[in-house]
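K.L.:
I am sharing work07.cif, which consists of mmCIF, C-alpha atoms:
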data_structure
loop_
_atom_site.label_atom_id
_atom_site.label_comp_id
_atom_site.auth_asym_id
_atom_site.auth_seq_id
_atom_site.Cartn_x
_atom_site.Cartn_y
_atom_site.Cartn_z
CA MET A 1 50.14 12.95 79.91
CA SER A 2 46.76 11.25 79.55
CA ALA A 3 46.48 7.86 77.84
CA ILE A 4 44.39 7.48 74.70
CA LYS A 5 40.82 6.55 75.62
CA ALA A 6 39.10 6.96 72.23
CA ILE A 7 39.93 6.74 68.54
CA VAL A 8 38.01 8.80 65.97
CA THR A 9 38.55 7.57 62.42
CA ASP A 10 37.89 8.95 58.96
CA ILE A 11 36.65 6.49 56.30
CA GLU A 12 37.96 7.33 52.79
CA GLY A 13 41.65 6.50 52.53
CA THR A 14 41.74 5.48 56.19
CA THR A 15 39.50 2.47 56.86
CA SER A 16 38.30 2.10 53.29
CA SER A 17 39.45 2.66 49.73
CA ILE A 18 38.91 6.07 48.16
CA ASP A 19 38.21 4.21 44.91
CA PHE A 20 35.27 2.35 46.50
CA VAL A 21 33.58 5.65 47.35
CA HIS A 22 34.34 7.43 44.08
CA GLN A 23 34.10 4.54 41.63
CA THR A 24 31.31 2.50 43.23
CA LEU A 25 29.20 4.46 45.74
CA PHE A 26 29.03 7.85 44.02
CA PRO A 27 28.20 6.44 40.55
CA TYR A 28 25.60 4.11 42.10
CA ALA A 29 23.87 7.02 43.84
CA LYS A 30 23.95 9.18 40.71
CA ALA A 31 22.57 6.38 38.51
CA HIS A 32 19.65 5.74 40.86
CA LEU A 33 19.01 9.33 42.01
CA ARG A 34 16.11 10.35 39.74
CA ALA A 35 14.30 7.03 40.01
CA PHE A 36 14.66 7.08 43.79
CA LEU A 37 13.34 10.66 44.08
CA SER A 38 10.40 9.78 41.86
CA ALA A 39 9.56 6.60 43.78
CA HIS A 40 9.89 8.24 47.20
CA ALA A 41 8.76 11.80 46.47
CA GLN A 42 6.15 11.72 49.23
CA ASP A 43 8.47 10.34 51.91
CA GLU A 44 9.09 12.79 54.74
CA ALA A 45 12.87 12.31 54.53
CA VAL A 46 12.92 13.03 50.79
CA GLN A 47 10.64 16.05 51.23
CA GLN A 48 13.10 17.43 53.80
CA ILE A 49 16.03 16.85 51.44
CA LEU A 50 14.29 18.69 48.58
CA HIS A 51 13.48 21.56 50.97
CA ASP A 52 17.10 21.77 52.12
CA VAL A 53 18.40 21.78 48.53
CA ALA A 54 16.10 24.70 47.71
CA GLN A 55 17.28 26.53 50.83
CA ILE A 56 20.94 26.13 49.86
CA GLU A 57 20.22 27.24 46.29
CA ALA A 58 18.06 30.11 47.62
CA ARG A 59 15.37 29.53 44.99
CA GLU A 60 12.26 27.48 44.39
CA LEU A 61 13.00 24.18 42.67
CA THR A 62 10.85 21.54 41.06
CA PRO A 63 11.80 17.96 41.96
CA ASP A 64 13.39 17.62 38.52
CA GLN A 65 15.43 20.80 39.02
CA ALA A 66 16.48 19.63 42.47
CA ALA A 67 17.63 16.32 40.94
CA THR A 68 19.78 18.24 38.47
CA VAL A 69 21.35 20.26 41.30
CA LEU A 70 22.02 17.09 43.31
CA GLU A 71 23.65 15.42 40.30
CA GLN A 72 25.83 18.48 39.86
CA TRP A 73 26.82 18.35 43.55
CA ILE A 74 27.81 14.69 43.14
CA GLY A 75 30.03 15.64 40.18
CA GLU A 76 31.63 18.40 42.27
CA ASP A 77 31.98 16.11 45.34
CA ARG A 78 30.19 18.71 47.47
CA LYS A 79 30.10 17.94 51.20
CA LEU A 80 26.51 19.10 51.71
CA THR A 81 24.18 17.45 54.22
CA PRO A 82 21.08 17.02 51.97
CA LEU A 83 23.20 15.33 49.29
CA LYS A 84 24.87 13.05 51.83
CA SER A 85 21.48 12.19 53.32
CA LEU A 86 20.02 11.28 49.91
CA GLN A 87 23.07 9.23 48.97
CA GLY A 88 22.68 7.34 52.24
CA LEU A 89 19.06 6.49 51.45
CA ILE A 90 19.95 5.27 47.96
CA TRP A 91 22.90 3.24 49.23
CA ALA A 92 20.69 1.65 51.92
CA GLN A 93 18.52 0.33 49.10
CA GLY A 94 21.62 -1.00 47.31
CA TYR A 95 23.00 -2.72 50.42
CA ALA A 96 19.60 -4.23 51.22
CA SER A 97 19.34 -5.68 47.70
CA GLY A 98 22.87 -7.08 47.87
CA GLU A 99 24.08 -4.91 44.98
CA LEU A 100 26.52 -3.14 47.30
CA LYS A 101 29.09 -4.43 49.82
CA GLY A 102 30.96 -2.03 52.12
CA HIS A 103 34.70 -1.98 51.42
CA VAL A 104 37.25 -1.93 54.24
CA TYR A 105 40.97 -2.64 54.02
CA PRO A 106 41.90 -6.16 55.24
CA ASP A 107 43.65 -4.80 58.35
CA THR A 108 40.70 -2.60 59.34
CA PRO A 109 38.50 -5.22 61.06
CA LYS A 110 41.50 -6.80 62.78
CA TYR A 111 42.65 -3.57 64.42
CA LEU A 112 39.16 -2.22 65.13
CA ARG A 113 38.44 -5.43 67.02
CA GLN A 114 41.80 -5.30 68.78
CA TRP A 115 41.36 -1.69 69.90
CA HIS A 116 37.80 -2.39 71.00
CA ALA A 117 38.99 -5.39 73.02
CA GLN A 118 41.58 -3.16 74.69
CA GLY A 119 38.75 -0.97 75.99
CA LEU A 120 39.19 1.93 73.58
CA LYS A 121 36.03 3.71 72.45
CA LEU A 122 35.79 3.86 68.66
CA TYR A 123 34.04 6.59 66.67
CA VAL A 124 33.68 7.55 63.02
CA TYR A 125 33.89 11.09 61.64
CA SER A 126 33.21 11.31 57.91
CA SER A 127 31.66 13.75 55.47
CA GLY A 128 29.28 10.94 54.49
CA SER A 129 26.08 10.83 56.51
CA VAL A 130 25.89 8.77 59.71
CA ALA A 131 23.43 6.49 57.92
CA ALA A 132 25.93 5.94 55.10
CA GLN A 133 28.73 5.29 57.60
CA LYS A 134 26.69 2.59 59.31
CA LEU A 135 25.91 0.99 55.95
CA ILE A 136 29.59 0.75 54.96
CA PHE A 137 30.59 -0.86 58.26
CA GLY A 138 27.42 -2.90 58.59
CA HIS A 139 27.72 -4.68 55.23
CA THR A 140 31.40 -5.54 54.81
CA GLU A 141 32.88 -8.79 53.50
CA HIS A 142 34.24 -9.21 57.04
CA GLY A 143 30.78 -9.04 58.59
CA ASP A 144 28.96 -6.35 60.57
CA LEU A 145 31.52 -4.07 62.24
CA THR A 146 29.04 -1.56 63.66
CA PRO A 147 28.96 -3.15 67.18
CA LEU A 148 32.59 -2.04 67.55
CA PHE A 149 31.68 1.65 67.36
CA SER A 150 30.36 3.83 70.16
CA GLY A 151 29.19 6.66 67.91
CA TYR A 152 29.30 8.46 64.58
CA PHE A 153 29.81 12.07 63.45
CA ASP A 154 29.12 13.67 60.06
CA THR A 155 28.83 17.18 58.57
CA ARG A 156 26.14 18.07 61.11
CA VAL A 157 28.97 18.55 63.61
CA GLY A 158 30.78 20.79 61.13
CA ALA A 159 33.23 20.62 58.22
CA LYS A 160 36.21 18.30 58.64
CA ARG A 161 38.81 21.02 58.12
CA GLU A 162 37.36 23.32 60.79
CA VAL A 163 38.78 23.34 64.31
CA ALA A 164 35.34 23.93 65.84
CA SER A 165 34.13 20.55 64.51
CA TYR A 166 36.70 18.69 66.60
CA GLN A 167 35.96 20.86 69.61
CA ARG A 168 32.31 19.81 69.33
CA ILE A 169 33.34 16.16 69.09
CA LEU A 170 35.41 16.49 72.25
CA GLU A 171 32.44 18.09 74.02
CA SER A 172 30.24 15.21 72.91
CA LEU A 173 32.76 12.61 74.08
CA ALA A 174 33.44 14.45 77.37
CA LEU A 175 37.14 13.73 76.94
CA LEU A 176 40.30 15.81 76.84
CA GLY A 177 41.93 16.32 73.46
CA GLU A 178 45.01 14.38 74.52
CA GLU A 179 42.79 11.40 75.30
CA VAL A 180 41.50 11.18 71.71
CA LEU A 181 43.41 9.98 68.63
CA PHE A 182 42.15 11.11 65.21
CA LEU A 183 43.02 9.02 62.14
CA SER A 184 42.78 10.45 58.61
CA ASP A 185 44.65 10.53 55.31
CA ILE A 186 44.01 14.28 54.86
CA GLY A 187 46.60 16.62 56.36
CA GLU A 188 44.29 19.63 56.63
CA GLU A 189 41.81 17.57 58.69
CA LEU A 190 44.62 16.45 60.97
CA ASP A 191 45.78 20.06 61.33
CA ALA A 192 42.30 21.12 62.48
CA ALA A 193 42.06 18.18 64.89
CA ARG A 194 45.48 18.92 66.39
CA GLU A 195 44.62 22.59 66.83
CA ALA A 196 41.56 21.44 68.79
CA GLY A 197 43.90 19.44 71.02
CA LEU A 198 43.48 15.91 69.63
CA LYS A 199 46.33 13.49 69.01
CA THR A 200 46.70 12.65 65.31
CA CYS A 201 48.03 10.03 62.91
CA GLN A 202 48.03 10.27 59.13
CA LEU A 203 47.30 7.13 57.10
CA LEU A 204 49.39 6.93 53.93
CA ARG A 205 47.73 3.96 52.29
CA ASP A 206 48.52 4.85 48.68
CA ASP A 207 50.60 7.19 46.55
CA ARG A 208 47.81 9.77 46.35
CA ALA A 209 48.10 10.71 50.02
CA ILE A 210 50.18 13.85 50.57
CA ALA A 211 52.33 13.38 53.66
CA PHE A 212 52.20 16.11 56.32
CA ALA A 213 55.53 15.66 58.10
CA HIS A 214 54.38 17.32 61.34
CA HIS A 215 51.90 14.48 62.03
CA PRO A 216 52.85 10.91 62.96
CA SER A 217 52.06 8.62 60.02
CA ALA A 218 51.44 4.95 59.22
CA HIS A 219 50.92 2.94 56.04
CA ASP A 220 48.22 0.84 57.69
CA PHE A 221 46.65 0.34 61.11
CA ALA A 222 49.49 -1.92 62.19
CA GLY A 223 51.71 1.18 62.29
CA VAL A 224 49.33 3.32 64.36
CA LYS A 225 50.74 4.00 67.82
CA VAL A 226 48.00 3.99 70.46
#
Any chance you could give the structure as structure tokens?

P.N.:
Amino acid sequence: MSAIKAIVTDIEGTTSSIDFVHQTLFPYAKAHLRAFLSAHAQDEAVQQILHDVAQIEARELTPDQAATVLEQWIGEDRKLTPLKSLQGLIWAQGYASGELKGHVYPDTPKYLRQWHAQGLKLYVYSSGSVAAQKLIFGHTEHGDLTPLFSGYFDTRVGAKREVASYQRILESLALLGEEVLFLSDIGEELDAAREAGLKTCQLLRDDRAIAFAHHPSAHDFAGVKV
């Protein structure tokens, strides 16, 4: 049996509070969405986002109509790349101004640093954009944690409940499934990862997490067996 060489971690409910994302980040992005689109309408990145929204909706959209669609997607918690990209841009502005600080559980930096010191490669896989992931870990109250990570994956690699997404991650890492441990609070994500061959551990950080008995579990990173 191969030893674990890499850990791939989810963010919400795993390294960071679900409430931070849903009660702080999402409302912040929604509140600043229209002003940001207006101020940056000519930016190439924003132009691409508006194009992608129109493609998904399969109709021509004015910037105002696209903003309405994006606001609706935020309300529905849609895991769509153009929305995640826009949220990342808005959050970057918030982090840069000091209005936002990335939340991580108190044990997160301790164990990320410990695993990194042990020679394990650390990666993030979240439905939030790579840019947003780097912002959360780069602006925490425990300092910049991004040097601990070797890479990041988002919805561009596929949906988190699809087996093929984890197969692509393994291809990218050039590792066997049994050499990679995936951490998440969502059972269906863990199911997909295990089917792709990865080792799994479910984080049960609060009462909202639904335990999947066929995966090892831990209440915090101290209980994760590596």

K.L.:
Can you measure CA of Gly119 in chain A to CA of Asp191 in chain A for me? One decimal in Å is fine.

P.N.:
26.6 Å

K.L.:
What's the 8 Å shell around range 21-33 of chain A, counting all atoms listed in the file, without same-chain residues fewer than 2 positions away, as a list of chain:residue names?

P.N.:
A:Glu12, A:Ser17, A:Ile18, A:Asp19, A:Ala35, A:Phe36, A:Leu37, A:Ala67, A:Glu71, A:Ile74, A:Gln87, A:Ile90, A:Trp91

K.L.:
With the cut-off set at 9 Å and counting only C-alpha atoms, tabulate each residue of range 3-113 of chain A with an atom at most that distance from an atom of range 218-221 of chain A, showing the nearest atom pair and its distance in Å to one decimal, ordered by chain and increasing number, as JSON lines.

P.N.:
{"residue": "A:Thr14", "atom": "CA", "partner": "A:Asp220", "partner_atom": "CA", "distance": 8.1}
{"residue": "A:Thr15", "atom": "CA", "partner": "A:Phe221", "partner_atom": "CA", "distance": 8.6}
{"residue": "A:Tyr105", "atom": "CA", "partner": "A:Asp220", "partner_atom": "CA", "distance": 8.8}
{"residue": "A:Asp107", "atom": "CA", "partner": "A:Phe221", "partner_atom": "CA", "distance": 6.6}
{"residue": "A:Thr108", "atom": "CA", "partner": "A:Phe221", "partner_atom": "CA", "distance": 6.9}
{"residue": "A:Lys110", "atom": "CA", "partner": "A:Phe221", "partner_atom": "CA", "distance": 9.0}
{"residue": "A:Tyr111", "atom": "CA", "partner": "A:Phe221", "partner_atom": "CA", "distance": 6.5}
{"residue": "A:Leu112", "atom": "CA", "partner": "A:Phe221", "partner_atom": "CA", "distance": 8.9}

K.L.:
From the set A:Lys101, A:Arg34, A:His142, A:Lys160, which residue has the shortest atom-to-atom contact distance to Arg113 in chain A, counting all atoms listed in the file?

P.N.:
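Using all atoms listed in the file, the shortest distance to Arg113 in chain A belongs to A:His142.
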
K.L.:
Which residues of range 195-216 of chain A come within 9 Å of range 166-178 of chain A, and for each one, what is the closest pair of atoms and their distance in Å to one decimal, counting all atoms listed in the file, sorted by chain and residue number, as a tab-separated table?

P.N.:
residue	atom	partner	partner_atom	distance
A:Glu195	CA	A:Tyr166	CA	8.8
A:Ala196	CA	A:Gln167	CA	5.7
A:Gly197	CA	A:Gly177	CA	4.4
A:Leu198	CA	A:Gly177	CA	4.2
A:Lys199	CA	A:Glu178	CA	5.7

K.L.:
Excluding His215 in chain A and any residue of its chain fewer than 3 positions from it, enumerate the residues within 12 Å of it, using all atoms listed in the file, and give them as a ChimeraX atom specification.

P.N.:
/A:181-195,198-204,210-212,218,224

K.L.:
Those same residues - C-alpha atoms - I'd like them written as a short mmCIF file (atom, residue, chain, number, x, y, z; two decimals), in the frame of the given file.

P.N.:
data_model
loop_
_atom_site.label_atom_id
_atom_site.label_comp_id
_atom_site.auth_asym_id
_atom_site.auth_seq_id
_atom_site.Cartn_x
_atom_site.Cartn_y
_atom_site.Cartn_z
CA LEU A 181 43.41 9.98 68.63
CA PHE A 182 42.15 11.11 65.21
CA LEU A 183 43.02 9.02 62.14
CA SER A 184 42.78 10.45 58.61
CA ASP A 185 44.65 10.53 55.31
CA ILE A 186 44.01 14.28 54.86
CA GLY A 187 46.60 16.62 56.36
CA GLU A 188 44.29 19.63 56.63
CA GLU A 189 41.81 17.57 58.69
CA LEU A 190 44.62 16.45 60.97
CA ASP A 191 45.78 20.06 61.33
CA ALA A 192 42.30 21.12 62.48
CA ALA A 193 42.06 18.18 64.89
CA ARG A 194 45.48 18.92 66.39
CA GLU A 195 44.62 22.59 66.83
CA LEU A 198 43.48 15.91 69.63
CA LYS A 199 46.33 13.49 69.01
CA THR A 200 46.70 12.65 65.31
CA CYS A 201 48.03 10.03 62.91
CA GLN A 202 48.03 10.27 59.13
CA LEU A 203 47.30 7.13 57.10
CA LEU A 204 49.39 6.93 53.93
CA ILE A 210 50.18 13.85 50.57
CA ALA A 211 52.33 13.38 53.66
CA PHE A 212 52.20 16.11 56.32
CA ALA A 218 51.44 4.95 59.22
CA VAL A 224 49.33 3.32 64.36
#

K.L.:
Quick one, how far is CA of Gly128 in chain A from CA of Pro147 in chain A?

P.N.:
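Result for CA of Gly128 in chain A versus CA of Pro147 in chain A: 19.0 Å, one decimal.
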
K.L.:
Quick one: what's the axis-aligned box for range 140-143 of chain A, all listed atoms, 8 Å on every side, centre and edges in Å to one decimal, as AutoDock Vina command-line options?

P.N.:
--center_x 32.5 --center_y -7.4 --center_z 56.0 --size_x 19.5 --size_y 19.7 --size_z 21.1

K.L.:
Give me, as a list in words, all polymer residues having an atom no more than 10 Å from Phe137 in chain A, counting all atoms listed in the file and skipping those fewer than 2 positions away in the same chain.

P.N.:
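Once the nearby chain positions are removed, what remains is Ile11, Thr15, Ser16, Lys101, Gly102, His103, Val104, Pro109, Ala132, Gln133, Lys134, Leu135, His139, Thr140, Glu141, His142, Gly143, Asp144, Leu145, Thr146, Pro147, Leu148 and Phe149 of chain A.
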